[in-house]
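Undergrad: Structure file run07.pdb, PDB, C-alpha atoms, is pasted below:
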```
ATOM      1  CA  ALA A   1      91.375  86.412 111.232
ATOM      2  CA  GLY A   2      93.741  89.216 110.397
ATOM      3  CA  GLY A   3      94.016  88.323 106.718
ATOM      4  CA  LEU A   4      92.916  91.742 105.503
ATOM      5  CA  GLY A   5      95.473  93.330 107.795
ATOM      6  CA  LEU A   6      98.136  91.290 106.016
ATOM      7  CA  VAL A   7      96.745  92.257 102.612
ATOM      8  CA  ALA A   8      96.912  95.930 103.590
ATOM      9  CA  ALA A   9     100.501  95.537 104.794
ATOM     10  CA  CYS A  10     101.670  94.347 101.371
ATOM     11  CA  ASP A  11     103.275  96.696  98.857
ATOM     12  CA  PHE A  12     101.250  94.998  96.122
ATOM     13  CA  ALA A  13      97.999  93.126  96.658
ATOM     14  CA  ILE A  14      96.549  91.253  93.705
ATOM     15  CA  ALA A  15      93.443  89.101  93.873
ATOM     16  CA  PRO A  16      91.120  87.346  91.469
ATOM     17  CA  ASP A  17      88.134  89.479  90.547
ATOM     18  CA  THR A  18      85.897  86.769  92.026
ATOM     19  CA  ALA A  19      87.252  87.312  95.565
ATOM     20  CA  SER A  20      85.132  88.901  98.252
ATOM     21  CA  PHE A  21      86.133  90.735 101.419
ATOM     22  CA  ALA A  22      84.562  91.858 104.693
ATOM     23  CA  PHE A  23      85.545  93.386 108.013
ATOM     24  CA  THR A  24      83.089  91.442 110.169
ATOM     25  CA  GLU A  25      84.498  92.213 113.620
ATOM     26  CA  VAL A  26      81.569  94.398 114.759
ATOM     27  CA  ARG A  27      79.172  91.578 113.914
ATOM     28  CA  LEU A  28      81.087  89.450 116.414
ATOM     29  CA  GLY A  29      81.010  92.160 119.065
ATOM     30  CA  VAL A  30      84.715  92.940 118.686
ATOM     31  CA  VAL A  31      86.613  95.692 116.896
ATOM     32  CA  PRO A  32      89.104  95.547 114.004
ATOM     33  CA  ALA A  33      91.762  97.034 116.275
ATOM     34  CA  MET A  34      94.928  95.225 115.219
ATOM     35  CA  ILE A  35      94.235  95.252 111.491
ATOM     36  CA  ALA A  36      93.345  98.954 111.674
ATOM     37  CA  VAL A  37      97.053  99.738 111.954
ATOM     38  CA  THR A  38      97.693  98.611 108.369
ATOM     39  CA  VAL A  39      94.228  98.848 106.825
ATOM     40  CA  LEU A  40      93.529 102.481 107.735
ATOM     41  CA  ARG A  41      96.763 103.510 106.000
ATOM     42  CA  ARG A  42      95.417 102.054 102.739
ATOM     43  CA  LEU A  43      91.670 102.591 102.662
ATOM     44  CA  ASP A  44      89.771 105.685 101.762
ATOM     45  CA  PRO A  45      88.481 106.991 105.139
ATOM     46  CA  ARG A  46      84.799 106.938 104.124
ATOM     47  CA  ALA A  47      85.111 103.398 102.796
ATOM     48  CA  ALA A  48      86.901 102.298 105.976
ATOM     49  CA  ALA A  49      84.061 103.677 108.082
ATOM     50  CA  GLU A  50      81.455 102.081 105.822
ATOM     51  CA  TYR A  51      82.926  98.592 105.906
ATOM     52  CA  PHE A  52      84.333  98.614 109.447
ATOM     53  CA  LEU A  53      80.964  99.744 110.863
ATOM     54  CA  THR A  54      78.653  97.590 108.728
ATOM     55  CA  GLY A  55      80.637  94.391 108.251
ATOM     56  CA  GLU A  56      79.209  94.306 104.732
ATOM     57  CA  THR A  57      80.858  92.071 102.132
ATOM     58  CA  PHE A  58      82.392  93.790  99.097
ATOM     59  CA  ASP A  59      83.903  92.478  95.888
ATOM     60  CA  ALA A  60      87.428  92.687  94.496
ATOM     61  CA  ALA A  61      86.607  95.587  92.160
ATOM     62  CA  ARG A  62      85.445  97.626  95.163
ATOM     63  CA  ALA A  63      88.519  96.510  97.155
ATOM     64  CA  GLN A  64      90.710  97.920  94.386
ATOM     65  CA  GLU A  65      88.642 101.105  94.182
ATOM     66  CA  ILE A  66      89.016 101.846  97.912
ATOM     67  CA  GLY A  67      92.733 101.032  98.073
ATOM     68  CA  LEU A  68      92.790  97.575  99.662
ATOM     69  CA  LEU A  69      93.999  95.920  96.446
ATOM     70  CA  THR A  70      96.488  97.017  93.828
ATOM     71  CA  ARG A  71      94.676  95.005  91.160
ATOM     72  CA  ALA A  72      91.668  92.751  90.807
ATOM     73  CA  VAL A  73      92.164  90.535  87.759
ATOM     74  CA  PRO A  74      90.415  87.599  86.106
ATOM     75  CA  GLU A  75      91.484  84.394  87.854
ATOM     76  CA  GLU A  76      93.214  83.087  84.739
ATOM     77  CA  ARG A  77      95.453  86.196  84.718
ATOM     78  CA  LEU A  78      96.417  86.062  88.401
ATOM     79  CA  ASP A  79      99.762  84.265  87.981
ATOM     80  CA  GLU A  80     100.660  86.413  84.975
ATOM     81  CA  THR A  81      99.914  89.621  86.896
ATOM     82  CA  VAL A  82     101.929  88.531  89.925
ATOM     83  CA  ALA A  83     104.810  87.573  87.607
ATOM     84  CA  HIS A  84     104.617  91.021  86.001
ATOM     85  CA  TYR A  85     105.038  92.773  89.351
ATOM     86  CA  THR A  86     107.800  90.466  90.583
ATOM     87  CA  GLY A  87     109.637  90.887  87.282
ATOM     88  CA  MET A  88     109.414  94.654  87.565
ATOM     89  CA  LEU A  89     110.704  94.559  91.158
ATOM     90  CA  LEU A  90     113.719  92.492  90.089
ATOM     91  CA  ARG A  91     114.735  95.337  87.779
ATOM     92  CA  GLY A  92     115.031  97.814  90.667
ATOM     93  CA  GLY A  93     118.200  98.350  92.653
ATOM     94  CA  PRO A  94     117.909  96.550  96.014
ATOM     95  CA  GLU A  95     118.988  99.568  98.088
ATOM     96  CA  ALA A  96     116.842 101.904  96.006
ATOM     97  CA  LEU A  97     113.813  99.671  96.494
ATOM     98  CA  ALA A  98     114.287  99.571 100.273
ATOM     99  CA  LEU A  99     114.704 103.340 100.490
ATOM    100  CA  THR A 100     111.731 103.941  98.195
ATOM    101  CA  LYS A 101     109.517 101.753 100.397
ATOM    102  CA  ARG A 102     110.445 103.992 103.335
ATOM    103  CA  LEU A 103     109.943 107.141 101.273
ATOM    104  CA  VAL A 104     106.415 106.105 100.273
ATOM    105  CA  ARG A 105     105.486 105.668 103.954
ATOM    106  CA  GLU A 106     107.270 108.665 105.460
ATOM    107  CA  VAL A 107     107.178 111.572 102.997
ATOM    108  CA  PRO A 108     103.396 112.173 103.083
ATOM    109  CA  ALA A 109     103.642 112.911 106.818
ATOM    110  CA  LEU A 110     106.373 115.555 106.352
ATOM    111  CA  SER A 111     105.803 119.238 105.774
ATOM    112  CA  PHE A 112     106.557 120.365 102.229
ATOM    113  CA  GLU A 113     109.726 122.132 103.352
ATOM    114  CA  GLU A 114     111.021 119.200 105.404
ATOM    115  CA  GLY A 115     110.134 116.767 102.631
ATOM    116  CA  ALA A 116     111.932 118.854 100.005
ATOM    117  CA  ARG A 117     115.026 119.172 102.202
ATOM    118  CA  ARG A 118     115.225 115.485 103.090
ATOM    119  CA  MET A 119     114.488 114.293  99.568
ATOM    120  CA  ALA A 120     117.165 116.591  98.081
ATOM    121  CA  GLU A 121     119.698 115.023 100.476
ATOM    122  CA  LEU A 122     118.532 111.501  99.654
ATOM    123  CA  SER A 123     118.620 112.202  95.920
ATOM    124  CA  ALA A 124     122.196 113.488  96.092
ATOM    125  CA  GLN A 125     123.257 110.448  98.149
ATOM    126  CA  ARG A 126     121.678 107.995  95.739
ATOM    127  CA  PHE A 127     123.069 109.570  92.558
ATOM    128  CA  THR A 128     126.587 109.240  94.009
ATOM    129  CA  SER A 129     126.103 105.779  95.585
ATOM    130  CA  ALA A 130     127.686 102.706  94.046
ATOM    131  CA  GLU A 131     124.256 101.363  93.149
ATOM    132  CA  GLY A 132     123.232 104.666  91.587
ATOM    133  CA  GLN A 133     126.461 104.866  89.602
ATOM    134  CA  GLU A 134     125.990 101.298  88.341
ATOM    135  CA  GLY A 135     122.403 102.046  87.314
ATOM    136  CA  ILE A 136     123.384 105.217  85.463
ATOM    137  CA  ALA A 137     126.305 103.459  83.737
ATOM    138  CA  ALA A 138     124.022 100.578  82.686
ATOM    139  CA  PHE A 139     121.491 103.029  81.279
ATOM    140  CA  MET A 140     124.164 104.908  79.311
ATOM    141  CA  GLN A 141     125.654 101.635  78.020
ATOM    142  CA  LYS A 142     122.204 100.283  77.145
ATOM    143  CA  ARG A 143     122.629  97.188  79.307
ATOM    144  CA  ALA A 144     120.903  95.752  82.351
ATOM    145  CA  PRO A 145     122.370  96.753  85.731
ATOM    146  CA  SER A 146     124.410  94.137  87.594
ATOM    147  CA  TRP A 147     121.623  93.439  90.109
ATOM    148  CA  VAL A 148     119.191  92.178  87.447
ATOM    149  CA  PRO A 149     119.165  88.340  87.547
ATOM    150  CA  GLY A 150     120.609  86.500  84.560
ATOM    151  CA  GLN A 151     123.080  89.218  83.602
ATOM    152  CA  ASP A 152     126.247  87.104  84.016
TER
END
```
Show me the file's structure as structure tokens.
TA:
Amino acid sequence: AGGLGLVAACDFAIAPDTASFAFTEVRLGVVPAMIAVTVLRRLDPRAAAEYFLTGETFDAARAQEIGLLTRAVPEERLDETVAHYTGMLLRGGPEALALTKRLVREVPALSFEEGARRMAELSAQRFTSAEGQEGIAAFMQKRAPSWVPGQD
């Protein structure tokens, strides 16, 4: 119970293409109230209504199509795909990653004007931050930034 709420809360959700999913709460006479907080932020509204109201099972390809999963991959490629994403995350600046996670959640709710104003301020702050300066220097020097593991 609640597993799909956890899946929806993840930045990346990868599953084998053989996985199946269902929101069966209505079939039990209850509602998907708690998981709705994370799930409804991810799913296409029509798909959310379809699966929340029917309790119907759907496959991993459909879960990816409606926004529940980032990727549905053959089972033998699951570890490789997860390793790809974790490797890519390790290349990002830790502060930049944290701020970008917030940006992805908050900017869509802002008006265009407010979003442009706040993002211009954030951009200026990040370009002049120590992490930003290190990243730019590493790029110019054609080396990995100091936060990338194994760069001693």
Undergrad: Quick check, in Å to one decimal: how far apart do atom CA of A:Ala83 and atom CA of A:Thr70 lie?
TA: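 Here the two named atoms are 14.0 Å from each other.
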Undergrad: Which residues come within 7 Å of A:Phe23, counting all atoms listed in the file, excluding same-chain residues fewer than 2 positions away, as a ChimeraX atom specification?
TA: /A:25,51-52,55
Undergrad: The centre and edge lengths of an axis-aligned box containing all atoms of stretch 133-141 of chain A present in the file, extended by 8 Å on each side, are to be given in Å to one decimal, as AutoDock Vina command-line options.
TA:
```
--center_x 124.0 --center_y 102.9 --center_z 83.8 --size_x 21.0 --size_y 20.6 --size_z 27.6
```
Undergrad: Quick one: residues within 7 Å of A:Val39, all atoms listed in the file, excluding same-chain residues fewer than 3 positions away - as an MDAnalysis selection string?
TA: chainID A and resid 5 8 35:36 42:43
Undergrad: Kindly save the residues from that selection, with C-alpha atoms included, as a PDB file, in the frame of the given file.
TA:
```pdb
ATOM      1  CA  GLY A   5      95.473  93.330 107.795  1.00  0.00           C
ATOM      2  CA  ALA A   8      96.912  95.930 103.590  1.00  0.00           C
ATOM      3  CA  ILE A  35      94.235  95.252 111.491  1.00  0.00           C
ATOM      4  CA  ALA A  36      93.345  98.954 111.674  1.00  0.00           C
ATOM      5  CA  ARG A  42      95.417 102.054 102.739  1.00  0.00           C
ATOM      6  CA  LEU A  43      91.670 102.591 102.662  1.00  0.00           C
TER       7      LEU A  43
END
```
Undergrad: Name the residues in contact with A:Ile66 at a cut-off of 9 Å, using all atoms listed in the file, excluding same-chain residues fewer than 5 positions from it; report them as a PyMOL selection string.
TA: chain A and resi 42-45+47-48+61
Undergrad: Got a sec: who's within 12 Å of A:Thr100, counting all atoms listed in the file, leaving out chain neighbours fewer than 5 positions off, as a JSON list (two decimals) with C-alpha atoms, in the frame of the given file?
TA:
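Result saved to result14.json:
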```
[["chain", "number", "residue", "atom", "x", "y", "z"],
["A", 11, "ASP", "CA", 103.28, 96.70, 98.86],
["A", 89, "LEU", "CA", 110.70, 94.56, 91.16],
["A", 92, "GLY", "CA", 115.03, 97.81, 90.67],
["A", 93, "GLY", "CA", 118.20, 98.35, 92.65],
["A", 94, "PRO", "CA", 117.91, 96.55, 96.01],
["A", 95, "GLU", "CA", 118.99, 99.57, 98.09],
["A", 105, "ARG", "CA", 105.49, 105.67, 103.95],
["A", 106, "GLU", "CA", 107.27, 108.66, 105.46],
["A", 107, "VAL", "CA", 107.18, 111.57, 103.00],
["A", 119, "MET", "CA", 114.49, 114.29, 99.57],
["A", 122, "LEU", "CA", 118.53, 111.50, 99.65],
["A", 123, "SER", "CA", 118.62, 112.20, 95.92],
["A", 126, "ARG", "CA", 121.68, 108.00, 95.74]]
```
Undergrad: Which of these, A:Gln133, A:Leu40, A:Ala63, A:Ala49, has the shortest distance to A:Thr18 once you count only C-alpha atoms?
TA: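 Closest to A:Thr18, using only C-alpha atoms: A:Ala63.
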Undergrad: How many Å lie between atom CA of A:Val37 and atom CA of A:Ala98, rounded to one decimal?
TA: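 Going from atom CA of A:Val37 over to atom CA of A:Ala98 covers 20.8 Å.
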Undergrad: Would you compute the distance between atom CA of A:Trp147 and atom CA of A:Gln125? Give it in Å to one decimal.
TA: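 Here the two named atoms are 18.9 Å from each other.
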Undergrad: Looking at A:Leu90, A:Thr57, A:Arg41, A:Gln141, which one is nearest to A:Ala9, with distances taken over all atoms listed in the file?
TA: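 Result for the nearest residue to A:Ala9: A:Arg41.
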Undergrad: Report as a compact mmCIF listing (two decimals) with C-alpha atoms, keeping the file's coordinate frame all protein, DNA and RNA residues lying within 8 Å of A:Ala13, evaluated on all atoms listed in the file, omitting residues in the same chain fewer than 6 positions from it.
TA:
```
# COMPACT_ATOMS: atom_id res chain seq x y z
CA VAL A 7 96.74 92.26 102.61
CA LEU A 68 92.79 97.58 99.66
CA LEU A 69 94.00 95.92 96.45
CA THR A 70 96.49 97.02 93.83
CA ARG A 71 94.68 95.00 91.16
```
Undergrad: Which of these residues is nearest to A:Ile14, using all atoms listed in the file: A:Gln64, A:Ser146, A:Ser129, A:Ser111?
TA: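 Of A:Gln64, A:Ser146, A:Ser129, A:Ser111, the one nearest A:Ile14 is A:Gln64, counting all atoms listed in the file.
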Undergrad: I'd like the residues picked by the PyMOL selection byres ((chain A and resi 58) around 8) written out as a list in words, using the chain letters and numbers from the file.
TA: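 Evaluating the PyMOL selection byres ((chain A and resi 58) around 8) on these coordinates yields Ser20, Phe21, Ala22, Glu56, Thr57, Asp59, Ala60, Arg62 and Ala63 of chain A.
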Undergrad: Output as a short mmCIF file (atom, residue, chain, number, x, y, z; two decimals), keeping the file's coordinate frame: stretch 130-141 of chain A, completed with all heavy atoms.
TA:
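Saved as result_11.cif:
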```cif
data_model
loop_
_atom_site.label_atom_id
_atom_site.label_comp_id
_atom_site.auth_asym_id
_atom_site.auth_seq_id
_atom_site.Cartn_x
_atom_site.Cartn_y
_atom_site.Cartn_z
N ALA A 130 127.21 103.73 94.97
CA ALA A 130 127.69 102.71 94.05
C ALA A 130 126.54 102.14 93.22
O ALA A 130 126.67 101.95 92.00
CB ALA A 130 128.39 101.59 94.82
N GLU A 131 125.41 101.90 93.87
CA GLU A 131 124.26 101.36 93.15
C GLU A 131 123.75 102.37 92.12
O GLU A 131 123.44 102.01 90.99
CB GLU A 131 123.14 100.98 94.13
CG GLU A 131 121.99 100.24 93.49
CD GLU A 131 120.97 99.79 94.51
OE1 GLU A 131 120.04 100.56 94.78
OE2 GLU A 131 121.11 98.66 95.02
N GLY A 132 123.67 103.63 92.51
CA GLY A 132 123.23 104.67 91.59
C GLY A 132 124.18 104.81 90.41
O GLY A 132 123.75 104.94 89.25
N GLN A 133 125.47 104.76 90.67
CA GLN A 133 126.46 104.87 89.60
C GLN A 133 126.37 103.68 88.64
O GLN A 133 126.47 103.85 87.43
CB GLN A 133 127.87 104.98 90.19
CG GLN A 133 128.13 106.29 90.90
CD GLN A 133 128.08 107.47 89.93
OE1 GLN A 133 128.87 107.53 88.98
NE2 GLN A 133 127.16 108.38 90.15
N GLU A 134 126.15 102.49 89.18
CA GLU A 134 125.99 101.30 88.34
C GLU A 134 124.74 101.43 87.48
O GLU A 134 124.75 101.12 86.29
CB GLU A 134 125.93 100.03 89.19
CG GLU A 134 125.39 98.79 88.49
CD GLU A 134 126.18 98.32 87.27
OE1 GLU A 134 127.31 98.81 87.02
OE2 GLU A 134 125.66 97.46 86.53
N GLY A 135 123.64 101.88 88.07
CA GLY A 135 122.40 102.05 87.31
C GLY A 135 122.53 103.06 86.20
O GLY A 135 122.06 102.84 85.08
N ILE A 136 123.18 104.18 86.48
CA ILE A 136 123.38 105.22 85.46
C ILE A 136 124.29 104.69 84.35
O ILE A 136 124.01 104.88 83.16
CB ILE A 136 123.96 106.50 86.10
CG1 ILE A 136 122.90 107.13 87.02
CG2 ILE A 136 124.42 107.50 85.04
CD1 ILE A 136 123.44 108.20 87.95
N ALA A 137 125.39 104.01 84.73
CA ALA A 137 126.30 103.46 83.74
C ALA A 137 125.58 102.44 82.85
O ALA A 137 125.75 102.45 81.62
CB ALA A 137 127.50 102.81 84.43
N ALA A 138 124.77 101.58 83.45
CA ALA A 138 124.02 100.58 82.69
C ALA A 138 123.07 101.26 81.71
O ALA A 138 122.96 100.84 80.55
CB ALA A 138 123.26 99.65 83.64
N PHE A 139 122.41 102.29 82.15
CA PHE A 139 121.49 103.03 81.28
C PHE A 139 122.25 103.62 80.09
O PHE A 139 121.82 103.50 78.94
CB PHE A 139 120.78 104.13 82.08
CG PHE A 139 119.91 105.01 81.23
CD1 PHE A 139 118.65 104.57 80.83
CD2 PHE A 139 120.33 106.26 80.83
CE1 PHE A 139 117.85 105.37 80.04
CE2 PHE A 139 119.53 107.08 80.05
CZ PHE A 139 118.28 106.62 79.65
N MET A 140 123.37 104.26 80.37
CA MET A 140 124.16 104.91 79.31
C MET A 140 124.73 103.87 78.33
O MET A 140 124.86 104.14 77.15
CB MET A 140 125.30 105.74 79.92
CG MET A 140 124.81 106.88 80.81
SD MET A 140 123.76 108.07 79.96
CE MET A 140 124.98 108.91 78.99
N GLN A 141 125.07 102.70 78.85
CA GLN A 141 125.65 101.64 78.02
C GLN A 141 124.59 100.72 77.42
O GLN A 141 124.92 99.72 76.79
CB GLN A 141 126.66 100.83 78.85
CG GLN A 141 127.84 101.64 79.32
CD GLN A 141 128.65 100.95 80.40
OE1 GLN A 141 128.47 99.77 80.70
NE2 GLN A 141 129.57 101.69 81.01
#
```
